[in-house]
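Take a look at the structure below.
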Amino acid sequence: MVIKRDIYLDKLIDKKHNGLIKVVTGIRRCGKSYLLFELFKEHLLAEGTDKGHIIEIAFDSFENKRFRDPDVLYPYLKEQIKDDGMYYVLLDEVQLLGEFEAVLNSFIRMKNVDVYVTGSNARFLSKDVITEFRGRGDEIHMYPLSFAEFMSVYPGTKQDGWNGYMLYGGLPLVLGFSSPEEKIAFLKSLFEETYISDIVGRHKVRNRAELEELLNILSSAIGSLTNPAKLSATFKSVKQKVISNTTIQKYIGYLCDSFLIDSAIRYDIKGKKYIDTPVKYYFTDLGLRNARLNFRQLEETHAMENIIFNELKIRGFNVDVGVITQHASNEKGHGVRKQLEVDFVCNKGYKRYYIQSAYAIPDQVKMEQEQRSLMMIGDSFKKIIITKDAPAPYYNEDGVLVMSVYDFLLDARSLDI
């Protein structure tokens, strides 16, 4: 099964020969190796690159274990470069290579070597691209399959595809299983044996049970505002455990570094400033989130919000949670202040969109409720409501664009209708 990942392939092609190390980051099993060793390699060969000028090493393969030693790898790569032609060095899971920053920096000084690497950990890669490569690294962040990518190979209707995508997520390997039992077993095993074990081993987590309990709590509350203090209180009241705010913050950092979860910070739209806490957390892949909860807690409202968040990130937006403060008087005439929420404030360059996720809008009362915060913003940027079903994208009488989640997800230009 060939799944096109043109968003990322085009980025790699655009960055060819730019003198920088191209670093593809993303959650494990999202398709980084396939992008590099299949799609990009196929592009190079189609462009006329000689096979001998493509050097590829997967560091997580047992047969390449010796190459994790930089004193073994560097001489080997040097031996492969036999002439002045352009060589493409493709390295998979480079965080397993000792002293990888020094090795990669040495190769970008060679004018006929173009380096591409993948990695699965932000602390090892995204941070070091800035600090160690000193402007010589160029990151391309990869996500699991978008709904459009998923549907490009899904044989059924978009409604059936939505149900499967919402339940089992977008990890490409999931599509290789035919039965629900196989998909569930794969996702649960992957979470336990790869993601959690990887985090515990890398960060030397002493209490794995605490980390797993935190994952359960975050999985149950996707899209809900929270902070370490609230999570600590939840541990104390529900789990009868005492865990400090500092420990919880540290665990959340580990989960973000491994790309399992992502966060959206609150932004005061009128005051034009960020509010540090609380924040919202979303899962990079809903299948993994559902596996964490043993496929029990499947609220479509929250799942849709999570999928919209991921799609906006895939499209390159910076995504925040919008806050609008409303001043009013109560029945006694006393001044009260109420905060209304805009689900997503999306920024990319000069573009900004305000987006509400509304699973169903059965009547005008619900429409007015969903768009109340949008109407209070007061600027000219586009306001959008994404709902589960809408006949076709349309602007209502208040100038708000209303569209179905299918139209939003399946058309990359949907926000500019």
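Naming scheme: A, B, ... for chains in displayed order of the structure tokens; residues 1 onward per chain; ligands 1 onward as shown.
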
Query - Residue contacts of Tyr251 in chain A (12 Å, only C-alpha atoms) excluding same-chain residues fewer than 6 positions away, as a list in words - result: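 Near Tyr251 in chain A, the qualifying residues are Ile196, Ile199, Val200, His203, Lys204, Val205, Arg206, Asn207, Arg208, Ala209, Glu210, Leu211, Glu212, Glu213, Leu214, Leu215, Leu218, Pro228, Leu231, Ser232, Ile243, Ser244, Asn245, Asp257, Ser258, Leu260 and Ile261 of chain A.
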
For the residues selected in the previous step, produce a file with N, CA, C and O atoms as an mmCIF file, in the first residue's frame.
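What follows is the written file again.cif:
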```
data_model
loop_
_atom_site.group_PDB
_atom_site.id
_atom_site.type_symbol
_atom_site.label_atom_id
_atom_site.label_comp_id
_atom_site.auth_asym_id
_atom_site.auth_seq_id
_atom_site.Cartn_x
_atom_site.Cartn_y
_atom_site.Cartn_z
ATOM 1 N N ILE A 196 5.836 4.069 26.135
ATOM 2 C CA ILE A 196 6.066 4.213 27.575
ATOM 3 C C ILE A 196 7.452 3.688 27.954
ATOM 4 O O ILE A 196 8.190 4.344 28.699
ATOM 5 N N ILE A 199 10.103 6.220 27.028
ATOM 6 C CA ILE A 199 10.160 7.377 27.926
ATOM 7 C C ILE A 199 10.800 6.988 29.257
ATOM 8 O O ILE A 199 11.669 7.691 29.778
ATOM 9 N N VAL A 200 10.374 5.851 29.806
ATOM 10 C CA VAL A 200 10.911 5.391 31.090
ATOM 11 C C VAL A 200 12.405 5.151 30.997
ATOM 12 O O VAL A 200 13.186 5.552 31.877
ATOM 13 N N HIS A 203 14.462 8.654 30.225
ATOM 14 C CA HIS A 203 14.494 9.639 31.306
ATOM 15 C C HIS A 203 14.701 9.004 32.678
ATOM 16 O O HIS A 203 14.641 9.703 33.686
ATOM 17 N N LYS A 204 14.910 7.682 32.694
ATOM 18 C CA LYS A 204 15.157 6.968 33.951
ATOM 19 C C LYS A 204 14.058 7.237 34.984
ATOM 20 O O LYS A 204 14.318 7.574 36.144
ATOM 21 N N VAL A 205 12.814 7.104 34.525
ATOM 22 C CA VAL A 205 11.659 7.308 35.400
ATOM 23 C C VAL A 205 11.601 6.179 36.423
ATOM 24 O O VAL A 205 11.557 4.998 36.056
ATOM 25 N N ARG A 206 11.604 6.542 37.690
ATOM 26 C CA ARG A 206 11.632 5.527 38.753
ATOM 27 C C ARG A 206 10.258 4.937 39.021
ATOM 28 O O ARG A 206 10.139 3.764 39.380
ATOM 29 N N ASN A 207 9.231 5.769 38.890
ATOM 30 C CA ASN A 207 7.884 5.290 39.210
ATOM 31 C C ASN A 207 7.044 5.270 37.934
ATOM 32 O O ASN A 207 6.363 6.234 37.596
ATOM 33 N N ARG A 208 7.120 4.161 37.222
ATOM 34 C CA ARG A 208 6.381 4.038 35.961
ATOM 35 C C ARG A 208 4.879 4.135 36.183
ATOM 36 O O ARG A 208 4.144 4.679 35.349
ATOM 37 N N ALA A 209 4.397 3.634 37.307
ATOM 38 C CA ALA A 209 2.963 3.642 37.594
ATOM 39 C C ALA A 209 2.427 5.071 37.654
ATOM 40 O O ALA A 209 1.321 5.350 37.170
ATOM 41 N N GLU A 210 3.202 5.995 38.248
ATOM 42 C CA GLU A 210 2.776 7.401 38.302
ATOM 43 C C GLU A 210 2.629 7.986 36.906
ATOM 44 O O GLU A 210 1.652 8.668 36.603
ATOM 45 N N LEU A 211 3.620 7.717 36.056
ATOM 46 C CA LEU A 211 3.573 8.218 34.684
ATOM 47 C C LEU A 211 2.346 7.677 33.956
ATOM 48 O O LEU A 211 1.653 8.423 33.238
ATOM 49 N N GLU A 212 2.061 6.399 34.145
ATOM 50 C CA GLU A 212 0.915 5.792 33.467
ATOM 51 C C GLU A 212 -0.401 6.338 34.009
ATOM 52 O O GLU A 212 -1.365 6.519 33.253
ATOM 53 N N GLU A 213 -0.474 6.613 35.294
ATOM 54 C CA GLU A 213 -1.677 7.210 35.871
ATOM 55 C C GLU A 213 -1.911 8.607 35.292
ATOM 56 O O GLU A 213 -3.053 8.996 34.990
ATOM 57 N N LEU A 214 -0.835 9.371 35.138
ATOM 58 C CA LEU A 214 -0.958 10.703 34.543
ATOM 59 C C LEU A 214 -1.464 10.593 33.108
ATOM 60 O O LEU A 214 -2.324 11.375 32.674
ATOM 61 N N LEU A 215 -0.948 9.634 32.370
ATOM 62 C CA LEU A 215 -1.420 9.412 31.002
ATOM 63 C C LEU A 215 -2.910 9.091 30.980
ATOM 64 O O LEU A 215 -3.649 9.569 30.114
ATOM 65 N N LEU A 218 -4.814 12.422 31.606
ATOM 66 C CA LEU A 218 -4.761 13.288 30.431
ATOM 67 C C LEU A 218 -5.595 12.711 29.291
ATOM 68 O O LEU A 218 -6.241 13.453 28.534
ATOM 69 N N PRO A 228 -0.599 21.626 36.385
ATOM 70 C CA PRO A 228 -0.039 20.660 37.337
ATOM 71 C C PRO A 228 -0.730 20.655 38.691
ATOM 72 O O PRO A 228 -0.884 19.594 39.304
ATOM 73 N N LEU A 231 -3.945 18.708 38.327
ATOM 74 C CA LEU A 231 -3.631 17.291 38.149
ATOM 75 C C LEU A 231 -3.156 16.664 39.455
ATOM 76 O O LEU A 231 -3.501 15.524 39.776
ATOM 77 N N SER A 232 -2.393 17.419 40.238
ATOM 78 C CA SER A 232 -1.943 16.935 41.537
ATOM 79 C C SER A 232 -3.134 16.706 42.464
ATOM 80 O O SER A 232 -3.190 15.706 43.189
ATOM 81 N N ILE A 243 1.418 13.472 44.539
ATOM 82 C CA ILE A 243 2.472 13.717 43.552
ATOM 83 C C ILE A 243 2.630 15.222 43.419
ATOM 84 O O ILE A 243 1.652 15.943 43.229
ATOM 85 N N SER A 244 3.836 15.687 43.503
ATOM 86 C CA SER A 244 4.074 17.129 43.491
ATOM 87 C C SER A 244 3.831 17.733 42.110
ATOM 88 O O SER A 244 3.908 17.044 41.092
ATOM 89 N N ASN A 245 3.547 19.047 42.118
ATOM 90 C CA ASN A 245 3.374 19.779 40.867
ATOM 91 C C ASN A 245 4.624 19.658 39.994
ATOM 92 O O ASN A 245 4.538 19.530 38.768
ATOM 93 N N ASP A 257 7.941 15.869 24.801
ATOM 94 C CA ASP A 257 9.207 15.628 24.112
ATOM 95 C C ASP A 257 9.130 14.404 23.202
ATOM 96 O O ASP A 257 9.804 14.335 22.179
ATOM 97 N N SER A 258 8.321 13.418 23.588
ATOM 98 C CA SER A 258 8.189 12.215 22.774
ATOM 99 C C SER A 258 7.104 12.374 21.711
ATOM 100 O O SER A 258 6.824 11.427 20.975
ATOM 101 N N LEU A 260 3.957 12.525 22.050
ATOM 102 C CA LEU A 260 2.687 11.853 22.326
ATOM 103 C C LEU A 260 1.558 12.858 22.503
ATOM 104 O O LEU A 260 0.429 12.615 22.071
ATOM 105 N N ILE A 261 1.845 13.958 23.177
ATOM 106 C CA ILE A 261 0.826 14.986 23.396
ATOM 107 C C ILE A 261 1.355 16.341 22.952
ATOM 108 O O ILE A 261 2.560 16.536 22.797
#
```

Requested in this report: List every residue of range 277-328 of chain A that DSSP, applied to the backbone, labels as strand (DSSP E or B), and write the result as an MDAnalysis selection string.
Outcome: chainID A and resid 277:283 318:328

Query - Among listed residues A:Lys366, A:Asp50, A:Leu190, A:Val103, nearest Tyr76 in chain A (using only C-alpha atoms) - result: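 Smallest separation from Tyr76 in chain A among the options: A:Val103.
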
**Report entry** Gly52 in chain A environment, 12 Å, only C-alpha atoms, sequence neighbours closer than 5 positions dropped, as a PyMOL selection string
**Finding:** chain A and resi 41+44-45+79-83+85-89

How would the residues just picked look written out with N, CA and C atoms as an mmCIF file, in the first residue's frame?
```cif
data_model
loop_
_atom_site.group_PDB
_atom_site.id
_atom_site.type_symbol
_atom_site.label_atom_id
_atom_site.label_comp_id
_atom_site.auth_asym_id
_atom_site.auth_seq_id
_atom_site.Cartn_x
_atom_site.Cartn_y
_atom_site.Cartn_z
ATOM 1 N N LYS A 41 13.674 8.711 -1.438
ATOM 2 C CA LYS A 41 14.635 7.960 -2.245
ATOM 3 C C LYS A 41 14.095 7.747 -3.658
ATOM 4 N N LEU A 44 14.627 10.865 -5.575
ATOM 5 C CA LEU A 44 16.023 11.044 -5.984
ATOM 6 C C LEU A 44 16.350 10.180 -7.202
ATOM 7 N N LEU A 45 15.906 8.929 -7.175
ATOM 8 C CA LEU A 45 16.168 8.039 -8.299
ATOM 9 C C LEU A 45 15.460 8.518 -9.562
ATOM 10 N N GLU A 79 34.271 6.621 3.473
ATOM 11 C CA GLU A 79 34.687 5.657 2.445
ATOM 12 C C GLU A 79 33.682 5.575 1.298
ATOM 13 N N GLN A 80 32.402 5.856 1.602
ATOM 14 C CA GLN A 80 31.365 5.736 0.574
ATOM 15 C C GLN A 80 31.390 6.906 -0.409
ATOM 16 N N ILE A 81 31.999 8.011 -0.004
ATOM 17 C CA ILE A 81 32.045 9.203 -0.859
ATOM 18 C C ILE A 81 33.299 9.110 -1.730
ATOM 19 N N LYS A 82 33.103 8.669 -2.972
ATOM 20 C CA LYS A 82 34.226 8.291 -3.827
ATOM 21 C C LYS A 82 34.548 9.307 -4.923
ATOM 22 N N ASP A 83 33.668 10.302 -5.137
ATOM 23 C CA ASP A 83 33.922 11.280 -6.198
ATOM 24 C C ASP A 83 33.325 12.627 -5.801
ATOM 25 N N GLY A 85 30.641 14.017 -7.102
ATOM 26 C CA GLY A 85 29.200 14.107 -7.311
ATOM 27 C C GLY A 85 28.451 14.300 -6.002
ATOM 28 N N MET A 86 27.186 14.726 -6.095
ATOM 29 C CA MET A 86 26.381 14.962 -4.886
ATOM 30 C C MET A 86 25.965 13.636 -4.262
ATOM 31 N N TYR A 87 26.229 13.498 -2.965
ATOM 32 C CA TYR A 87 25.841 12.312 -2.203
ATOM 33 C C TYR A 87 24.717 12.689 -1.227
ATOM 34 N N TYR A 88 23.756 11.783 -1.108
ATOM 35 C CA TYR A 88 22.632 11.994 -0.196
ATOM 36 C C TYR A 88 22.754 10.990 0.949
ATOM 37 N N VAL A 89 22.923 11.492 2.165
ATOM 38 C CA VAL A 89 23.081 10.644 3.343
ATOM 39 C C VAL A 89 21.758 10.638 4.101
#
```

Requested in this report: Write out as a ChimeraX atom specification the residues lying within 10 Å of range 339-341 of chain A, counting only C-alpha atoms and excluding same-chain residues fewer than 3 positions away.
Outcome: /A:266-269,321-327,344,356,370,372-374,376

Requested in this report: Quick one: pick out all alpha helix (DSSP H) residues within range 164-295 of chain A from a backbone DSSP run and write them as a ChimeraX atom specification.
Outcome: /A:164-168,180-190,197-203,208-220,228-238,245-257,286-292

Report task. Please identify all polymer residues within 9 Å of range 7-22 of chain A, counting only C-alpha atoms, omitting same-chain residues fewer than 4 positions from it, and present them as a list in words. Result ->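 Result of the neighbour search: Leu35, Leu36, Leu39, Phe40, His43, Leu104, Asn105, Ile108, Arg109, Lys111, Asn112, Val113, Asp114, Val115, Tyr116, Val117, Thr118, Val129, Phe133, Gly135, Arg136, Gly137, Asp138, Glu139, Ile140, His141, Met142, Ile314 and Arg315 of chain A.
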
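CA of Ala291 in chain A is positioned 9.5 Å from CA of Ser219 in chain A.
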
Report summary line: Shortest contact to Asp411 in chain A, candidates A:Glu42, A:Asp262, A:Glu305, A:Glu311, atoms counted only C-alpha atoms, goes to A:Glu311

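Proximity ranking of A:Leu415, A:Leu225, A:Ile54, A:Leu175 relative to Ser152 in chain A places A:Leu175 first, based on only C-alpha atoms.
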
Requested in this report: Would you work out the distance separating CA of Arg5 in chain A from CA of Gly31 in chain A, expressed in Å to one decimal?
Outcome: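 Taking CA of Arg5 in chain A and CA of Gly31 in chain A, their separation equals 8.8 Å.
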
Query raised in the report: Which residues come within 12 Å of Asn396 in chain A, counting only C-alpha atoms, excluding same-chain residues fewer than 3 positions away, as a ChimeraX atom specification?
Result: /A:364,367-368,371,383-385,392-393,399-403

Could the residues in this selection be saved with N, CA and C atoms as a PDB file, in the first residue's frame?
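Heads up, here's the output in out-v5.pdb:
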```
ATOM      1  N   GLN A 364     -31.192  27.485  15.942  1.00  0.00           N
ATOM      2  CA  GLN A 364     -30.595  28.816  15.996  1.00  0.00           C
ATOM      3  C   GLN A 364     -30.083  29.147  17.387  1.00  0.00           C
ATOM      4  N   MET A 367     -26.715  27.767  17.563  1.00  0.00           N
ATOM      5  CA  MET A 367     -25.828  28.557  16.715  1.00  0.00           C
ATOM      6  C   MET A 367     -25.396  29.830  17.439  1.00  0.00           C
ATOM      7  N   GLU A 368     -26.331  30.520  18.049  1.00  0.00           N
ATOM      8  CA  GLU A 368     -25.999  31.752  18.772  1.00  0.00           C
ATOM      9  C   GLU A 368     -25.089  31.471  19.954  1.00  0.00           C
ATOM     10  N   GLN A 371     -21.481  30.857  18.588  1.00  0.00           N
ATOM     11  CA  GLN A 371     -20.783  31.982  17.978  1.00  0.00           C
ATOM     12  C   GLN A 371     -20.721  33.215  18.881  1.00  0.00           C
ATOM     13  N   LYS A 383     -14.064  34.247  11.052  1.00  0.00           N
ATOM     14  CA  LYS A 383     -14.621  33.418  12.134  1.00  0.00           C
ATOM     15  C   LYS A 383     -15.262  32.187  11.517  1.00  0.00           C
ATOM     16  N   ILE A 384     -14.988  31.013  12.085  1.00  0.00           N
ATOM     17  CA  ILE A 384     -15.421  29.755  11.481  1.00  0.00           C
ATOM     18  C   ILE A 384     -15.988  28.825  12.550  1.00  0.00           C
ATOM     19  N   ILE A 385     -17.083  28.156  12.213  1.00  0.00           N
ATOM     20  CA  ILE A 385     -17.622  27.092  13.056  1.00  0.00           C
ATOM     21  C   ILE A 385     -17.564  25.799  12.256  1.00  0.00           C
ATOM     22  N   ALA A 392     -23.245  22.154   3.068  1.00  0.00           N
ATOM     23  CA  ALA A 392     -22.125  22.674   2.276  1.00  0.00           C
ATOM     24  C   ALA A 392     -21.620  23.891   3.027  1.00  0.00           C
ATOM     25  N   PRO A 393     -20.356  24.272   2.841  1.00  0.00           N
ATOM     26  CA  PRO A 393     -19.867  25.483   3.526  1.00  0.00           C
ATOM     27  C   PRO A 393     -20.711  26.701   3.162  1.00  0.00           C
ATOM     28  N   GLY A 399     -22.042  36.558   9.240  1.00  0.00           N
ATOM     29  CA  GLY A 399     -20.745  36.544   8.571  1.00  0.00           C
ATOM     30  C   GLY A 399     -19.817  35.434   9.034  1.00  0.00           C
ATOM     31  N   VAL A 400     -20.335  34.453   9.774  1.00  0.00           N
ATOM     32  CA  VAL A 400     -19.526  33.332  10.246  1.00  0.00           C
ATOM     33  C   VAL A 400     -19.571  32.214   9.211  1.00  0.00           C
ATOM     34  N   LEU A 401     -18.406  31.681   8.850  1.00  0.00           N
ATOM     35  CA  LEU A 401     -18.341  30.556   7.923  1.00  0.00           C
ATOM     36  C   LEU A 401     -18.647  29.265   8.674  1.00  0.00           C
ATOM     37  N   VAL A 402     -19.641  28.530   8.206  1.00  0.00           N
ATOM     38  CA  VAL A 402     -20.032  27.257   8.818  1.00  0.00           C
ATOM     39  C   VAL A 402     -19.737  26.148   7.823  1.00  0.00           C
ATOM     40  N   MET A 403     -19.028  25.108   8.276  1.00  0.00           N
ATOM     41  CA  MET A 403     -18.709  23.993   7.382  1.00  0.00           C
ATOM     42  C   MET A 403     -18.666  22.689   8.158  1.00  0.00           C
TER      43      MET A 403
END
```
